[in-house]
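Undergrad: Below is coords16.txt; it holds compact mmCIF, C-alpha atoms.
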```txt
# COMPACT_ATOMS: atom_id res chain seq x y z
CA GLU E 1 -3.84 14.22 18.70
CA PRO E 2 -0.67 12.19 19.44
CA ILE E 3 -0.92 8.66 20.86
CA PHE E 4 1.59 8.05 23.68
CA LEU E 5 2.64 4.43 24.06
CA LYS E 6 3.65 4.95 27.71
CA ASN E 7 -0.06 5.36 28.54
CA PHE E 8 -0.57 1.72 27.54
CA GLN E 9 2.49 0.31 29.34
CA LYS E 10 0.81 -0.91 32.56
CA GLU E 11 -2.17 -2.29 30.71
CA TYR E 12 0.15 -4.13 28.30
CA PHE E 13 1.85 -6.09 31.06
CA SER E 14 -1.49 -7.19 32.54
CA ASN E 15 -3.25 -8.04 29.25
CA GLU E 16 -0.94 -8.04 26.24
CA LYS E 17 -3.35 -9.10 23.47
CA GLN E 18 -6.19 -6.82 24.55
CA THR E 19 -3.88 -3.83 24.86
CA VAL E 20 -2.40 -4.37 21.39
CA LYS E 21 -5.91 -4.69 19.97
CA ARG E 22 -7.07 -1.47 21.66
CA LEU E 23 -3.94 0.44 20.57
CA THR E 24 -4.37 -0.79 16.99
CA GLY E 25 -7.96 0.44 17.04
CA LYS E 26 -6.88 3.88 18.25
CA ILE E 27 -4.21 4.12 15.52
CA GLU E 28 -6.74 3.05 12.89
CA ASP E 29 -9.26 5.67 14.08
CA ALA E 30 -6.57 8.37 14.04
CA LEU E 31 -5.49 7.43 10.53
CA ASN E 32 -9.10 7.42 9.32
CA GLU E 33 -9.53 10.97 10.62
CA LEU E 34 -6.45 12.08 8.67
CA THR E 35 -7.34 10.34 5.41
CA ASN E 36 -10.29 10.07 3.06
CA TYR E 37 -11.13 6.59 4.33
CA VAL E 38 -14.23 5.03 2.80
CA GLN E 39 -15.73 2.49 5.16
CA SER E 40 -17.62 0.59 2.49
CA GLU E 41 -16.99 -0.08 -1.18
CA GLU E 42 -20.68 0.49 -1.83
CA VAL E 43 -20.29 4.26 -1.41
CA GLU E 44 -17.01 4.69 -3.31
CA ASP E 45 -18.92 5.32 -6.54
CA ILE E 46 -20.92 8.06 -4.80
CA VAL E 47 -17.77 9.81 -3.57
CA ASP E 48 -16.18 9.53 -7.03
CA GLY E 49 -19.33 10.95 -8.64
CA LEU E 50 -19.46 13.89 -6.24
CA GLU E 51 -15.80 14.67 -6.89
CA LEU E 52 -16.48 14.67 -10.62
CA VAL E 53 -19.66 16.76 -10.61
CA TYR E 54 -19.58 18.89 -7.46
CA LYS E 55 -16.10 19.10 -5.97
CA MET E 56 -14.89 22.16 -7.89
CA GLU E 57 -18.12 24.04 -7.21
CA LEU E 58 -17.87 23.24 -3.48
CA MET E 59 -14.23 24.38 -3.33
CA THR E 60 -15.16 27.66 -5.03
CA GLU E 61 -18.08 28.15 -2.64
CA MET E 62 -15.82 27.64 0.39
CA GLY E 63 -13.18 30.03 -1.00
CA MET E 64 -10.57 27.33 -1.51
CA GLU E 65 -7.81 27.35 -4.10
CA LEU E 66 -8.57 24.91 -6.92
CA ASP E 67 -4.89 24.11 -7.50
CA ASP E 68 -4.02 23.74 -3.80
CA LYS E 69 -3.40 20.07 -2.89
CA ASN E 70 -4.29 20.62 0.77
CA ASP E 71 -7.60 22.29 -0.10
CA ASP E 72 -8.31 19.51 -2.58
CA PHE E 73 -7.70 16.88 0.11
CA LEU E 74 -9.86 18.66 2.69
CA THR E 75 -12.75 18.95 0.23
CA SER E 76 -12.51 15.25 -0.61
CA LYS E 77 -12.59 14.43 3.10
CA LEU E 78 -15.69 16.59 3.62
CA LEU E 79 -17.47 14.81 0.78
CA THR E 80 -16.40 11.39 2.08
CA ASP E 81 -17.61 12.14 5.62
CA ALA E 82 -20.97 13.39 4.35
CA VAL E 83 -21.53 10.35 2.12
CA GLN E 84 -20.67 7.94 4.95
CA TRP E 85 -23.03 9.78 7.30
CA TYR E 86 -25.89 9.52 4.80
CA ASN E 87 -25.08 5.86 4.14
CA GLU E 88 -25.49 5.15 7.86
CA ASN E 89 -28.49 7.42 8.54
CA ASP E 90 -30.42 7.58 5.27
CA PRO E 91 -29.39 4.76 2.89
CA ALA E 92 -32.55 5.28 0.81
CA LEU E 93 -31.37 8.78 -0.15
CA VAL E 94 -27.95 7.40 -1.07
CA GLU E 95 -29.60 4.85 -3.35
CA GLU E 96 -31.78 7.54 -4.93
CA PHE E 97 -28.70 9.68 -5.60
CA ARG E 98 -26.87 6.66 -7.06
CA LYS E 99 -29.67 6.14 -9.59
CA LYS E 100 -29.61 9.79 -10.62
CA LEU E 101 -25.81 9.81 -10.82
CA ASN E 102 -25.61 6.59 -12.86
CA ALA E 103 -28.27 7.84 -15.27
CA TYR E 104 -26.34 11.09 -15.80
CA LEU E 105 -22.92 9.44 -16.15
CA GLY E 106 -24.40 6.81 -18.46
CA LEU E 107 -25.69 9.55 -20.73
CA LEU E 108 -22.27 11.22 -20.76
CA ARG E 109 -20.64 7.91 -21.75
CA GLN E 110 -23.24 7.35 -24.43
CA LEU E 111 -22.55 10.75 -25.95
CA ASP E 112 -18.79 10.42 -25.26
CA ILE E 113 -18.54 13.84 -23.59
CA ARG E 114 -17.14 15.01 -20.26
CA ASP E 115 -18.95 16.63 -17.34
CA GLU E 116 -16.63 19.64 -17.41
CA PHE E 117 -17.94 20.60 -20.88
CA LEU E 118 -21.31 21.33 -19.27
CA ASP E 119 -19.94 23.52 -16.48
CA PRO E 120 -19.79 27.22 -17.54
CA VAL E 121 -17.37 28.09 -14.72
CA ARG E 122 -14.82 25.47 -15.74
CA GLN E 123 -15.21 26.30 -19.41
CA GLU E 124 -14.52 29.97 -18.74
CA ALA E 125 -11.45 29.07 -16.67
CA GLN E 126 -10.13 26.78 -19.39
CA LYS E 127 -10.38 29.10 -22.41
CA TRP E 128 -6.64 29.76 -22.48
CA GLY E 129 -6.11 26.07 -21.67
CA LYS E 130 -7.80 25.06 -24.93
CA THR E 131 -5.52 27.36 -26.90
CA LYS E 132 -2.50 25.86 -25.17
CA THR E 133 -3.82 22.37 -25.94
CA ILE E 134 -4.05 23.12 -29.66
CA ILE E 135 -0.49 24.53 -29.68
CA PHE E 136 0.74 21.55 -27.66
CA LEU E 137 -0.91 19.03 -30.01
CA PHE E 138 0.55 20.75 -33.07
CA LEU E 139 4.12 21.20 -31.82
CA GLY E 140 4.26 17.89 -29.96
CA SER E 141 3.07 15.66 -32.81
CA PRO E 142 6.59 14.63 -34.04
CA LEU E 143 7.65 13.53 -30.54
CA PHE E 144 4.31 11.75 -30.10
CA ILE E 145 4.85 9.77 -33.31
CA TRP E 146 8.37 8.83 -32.18
CA GLY E 147 7.09 7.73 -28.76
CA LEU E 148 4.29 5.76 -30.40
CA ILE E 149 6.69 3.91 -32.71
CA THR E 150 9.13 3.03 -29.93
CA ASN E 151 6.67 2.20 -27.12
CA TYR E 152 3.30 1.10 -28.51
CA ILE E 153 3.99 -2.66 -28.66
CA PRO E 154 5.40 -3.07 -25.12
CA TYR E 155 2.62 -0.79 -23.83
CA LYS E 156 -0.20 -2.85 -25.37
CA VAL E 157 1.08 -6.40 -24.90
CA PRO E 158 0.82 -6.47 -21.05
CA ARG E 159 -2.79 -5.31 -21.29
CA LEU E 160 -3.59 -8.02 -23.83
CA LEU E 161 -1.97 -10.67 -21.62
CA VAL E 162 -3.99 -9.52 -18.59
CA ASP E 163 -7.22 -9.61 -20.63
CA LEU E 164 -6.46 -13.10 -21.96
CA GLY E 165 -5.58 -14.35 -18.49
CA LYS E 166 -8.98 -13.37 -17.03
CA THR E 167 -7.23 -11.85 -14.03
CA HIS E 168 -9.26 -10.85 -10.97
CA SER E 169 -9.93 -7.10 -10.87
CA SER E 170 -7.93 -6.66 -7.65
CA GLU E 171 -4.82 -8.13 -9.33
CA ILE E 172 -4.98 -6.36 -12.69
CA ALA E 173 -2.65 -3.48 -11.76
CA SER E 174 -0.04 -5.86 -10.25
CA TRP E 175 0.01 -8.12 -13.29
CA LYS E 176 0.20 -5.18 -15.69
CA LEU E 177 3.19 -3.87 -13.75
CA ALA E 178 4.91 -7.27 -13.75
CA TYR E 179 4.24 -8.00 -17.43
CA GLY E 180 5.11 -4.43 -18.37
CA PHE E 181 8.48 -4.46 -16.62
CA ILE E 182 9.54 -7.72 -18.30
CA ILE E 183 8.25 -6.87 -21.77
CA PHE E 184 9.62 -3.31 -21.76
CA MET E 185 13.07 -4.58 -20.74
CA ILE E 186 13.07 -7.22 -23.49
CA TYR E 187 11.69 -4.84 -26.11
CA TYR E 188 14.06 -2.01 -25.23
CA GLY E 189 17.03 -4.37 -25.20
CA PHE E 190 16.12 -5.80 -28.60
CA SER E 191 15.53 -2.30 -30.04
CA VAL E 192 18.88 -0.98 -28.79
CA LEU E 193 20.68 -4.04 -30.18
CA LEU E 194 18.93 -3.61 -33.53
CA ILE E 195 19.87 0.09 -33.76
CA TRP E 196 23.46 -0.76 -32.87
CA ARG E 197 23.62 -3.46 -35.54
CA ILE E 198 22.11 -1.15 -38.18
CA THR E 199 24.10 2.01 -37.45
CA GLY E 200 27.21 0.76 -35.67
CA HIS E 201 27.33 4.22 -34.05
CA ILE E 202 27.65 4.21 -30.26
CA THR E 203 26.57 7.85 -29.76
CA PHE E 204 23.40 7.42 -31.86
CA THR E 205 22.59 4.18 -30.03
CA ILE E 206 22.96 5.85 -26.61
CA LEU E 207 20.75 8.77 -27.70
CA PHE E 208 18.17 6.27 -28.93
CA LEU E 209 18.23 4.46 -25.57
CA ILE E 210 17.90 7.71 -23.62
CA SER E 211 14.90 8.78 -25.73
CA LEU E 212 12.82 5.63 -25.14
CA VAL E 213 11.28 6.27 -21.71
CA PRO E 214 10.71 10.08 -22.02
CA SER E 215 9.16 9.74 -25.48
CA GLY E 216 6.88 6.95 -24.21
CA ASN E 217 5.70 9.08 -21.27
CA PHE E 218 5.17 12.03 -23.58
CA ALA E 219 3.17 9.90 -26.04
CA LEU E 220 0.89 8.74 -23.21
CA HIS E 221 0.31 12.32 -22.04
CA TYR E 222 -0.21 13.49 -25.62
CA SER E 223 -2.79 10.75 -26.33
CA LYS E 224 -4.80 11.76 -23.25
CA SER E 225 -4.77 15.42 -24.33
CA LEU E 226 -5.75 14.42 -27.85
CA MET E 227 -8.65 12.30 -26.60
CA LYS E 228 -9.90 15.12 -24.40
CA TYR E 229 -9.68 17.60 -27.27
CA ARG E 230 -11.54 15.20 -29.61
CA GLN E 231 -14.28 14.81 -27.01
CA HIS E 232 -14.65 18.59 -26.78
CA VAL E 233 -14.89 18.90 -30.57
CA LYS E 234 -17.51 16.16 -30.55
CA PHE E 235 -19.41 18.00 -27.82
CA LEU E 236 -19.44 21.20 -29.88
CA SER E 237 -20.63 19.22 -32.90
CA ILE E 238 -23.51 17.70 -30.93
CA PHE E 239 -24.31 21.09 -29.39
CA TYR E 240 -24.75 22.78 -32.77
CA LYS E 241 -26.46 19.85 -34.52
CA LYS E 242 -28.58 18.42 -31.71
CA ARG E 243 -29.05 21.12 -29.14
CA LYS E 244 -32.09 19.48 -27.56
CA ILE E 245 -29.98 16.49 -26.48
CA ILE E 246 -27.39 18.76 -24.84
CA PHE E 247 -30.09 20.83 -23.14
CA ASP E 248 -31.60 17.61 -21.75
CA VAL E 249 -28.18 16.60 -20.37
CA ILE E 250 -27.70 20.08 -18.87
CA LYS E 251 -31.13 19.84 -17.21
CA GLN E 252 -30.26 16.40 -15.82
CA ARG E 253 -27.02 17.82 -14.43
CA ALA E 254 -28.86 20.79 -12.89
CA ASP E 255 -31.34 18.42 -11.19
CA LEU E 256 -28.43 16.38 -9.86
CA LEU E 257 -26.71 19.48 -8.47
CA GLN E 258 -29.96 20.62 -6.82
CA PHE E 259 -30.30 17.20 -5.19
CA ILE E 260 -26.73 17.53 -3.89
CA GLU E 261 -27.36 21.07 -2.65
CA ASP E 262 -30.51 20.04 -0.75
CA SER E 263 -28.67 17.09 0.81
CA LYS E 264 -25.75 19.35 1.76
CA LEU E 265 -28.04 21.83 3.53
CA ARG E 266 -29.70 19.00 5.46
CA TYR E 267 -26.32 17.56 6.46
CA GLN E 268 -25.08 20.96 7.63
CA LYS E 269 -28.25 21.53 9.67
CA ILE E 270 -28.17 18.15 11.42
CA VAL E 271 -24.47 17.38 11.78
CA ILE E 272 -22.66 20.70 11.73
CA GLY E 273 -25.46 22.73 13.28
```
Could I get this structure in the form of structure tokens?
TA:
Amino acid sequence: EPIFLKNFQKEYFSNEKQTVKRLTGKIEDALNELTNYVQSEEVEDIVDGLELVYKMELMTEMGMELDDKNDDFLTSKLLTDAVQWYNENDPALVEEFRKKLNAYLGLLRQLDIRDEFLDPVRQEAQKWGKTKTIIFLFLGSPLFIWGLITNYIPYKVPRLLVDLGKTHSSEIASWKLAYGFIIFMIYYGFSVLLIWRITGHITFTILFLISLVPSGNFALHYSKSLMKYRQHVKFLSIFYKKRKIIFDVIKQRADLLQFIEDSKLRYQKIVIG
């Protein structure tokens, strides 16, 4: 619903500060309705956990398109609203869910596997994706090696500097960006100068310069795909060697999903009607 400033004109002339405060509040409320605003940091982990474990299942249940950004946003907003309602009306249930969620995620981290490996629906949908990943890893390895050689040092140094500086968590991203910009510029400049001095060939030097950023981005994407593939191989290894452990994790996930489903039905009954 649009907010018309002319509706506040008379009030503004009689009480300027109060009118600005009220208008700011209305704008804030309108923005909160349009975004996935989380009122408290203490429930952010709950929302993130639900998006990891339950979001895709909920989207499928509601007939939404999994690759549609608008549907993805709407689902996130539904989850956020539900969590905030429970945090205000039944904080004990939120805390109980947090314990179950942390126990499950902790087990995943301990085994170094991903939640999606335990979801039959996602695994079925990603069968062709795994084949494409293998082809991508094989064909892309030369470019990955080139990107690693030309970008690894300036990529790692900013992170080391931030760790050594004991930077506050809220400033980490800003300092990484600042350090990264400076170090990449210096490193790239030195590398280009070195190639020019070695080859003395302007065309080769320009091609080298042009390749630096794309190969670095590709190497980062490649490393993430490689890590995900390694985790899946590790999951299969654990599944065949220690099936009981995997079955225990699957049971824990099923209990978590049942808890979410029961909470969802209660929320729909009370709030939605």
Undergrad: Within 12 Å of Ile245 (chain E), counting only C-alpha atoms, which residues show up once you throw out same-chain ones fewer than 6 positions away? Write them as a list in words, please.
TA: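 Everything that qualifies: Leu107, Leu108, Gln110, Leu111, Phe235, Ser237, Ile238, Phe239, Lys251 and Gln252 of chain E.
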Undergrad: Which distance in Å separates CA of Gln84 (chain E) and CA of Val43 (chain E), to one decimal?
TA: 7.4 Å
Undergrad: Quick one: everything within 9 Å of region 148-158 of chain E, counting all atoms listed in the file, minus sequence neighbours fewer than 5 positions away in the same chain. Send it as a VMD selection string.
TA: chain E and resid 143 163 175 to 180 183 to 188 191 212 to 213 215 to 216 219 to 220
Undergrad: Of the residues E:Ser225, E:Ser211, E:Ser76, E:Thr205, which is the one nearest to Ile134 (chain E), using only C-alpha atoms?
TA: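 Under the stated criterion, the closest residue is E:Ser225.
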Undergrad: Can you tell me how far CA of Phe144 (chain E) sits from CA of Met227 (chain E), in Å to one decimal?
TA: 13.4 Å
Undergrad: I'd like the interatomic distance between CA of Lys224 (chain E) and CA of Leu58 (chain E), to a tenth of an Å.
TA: 26.3 Å
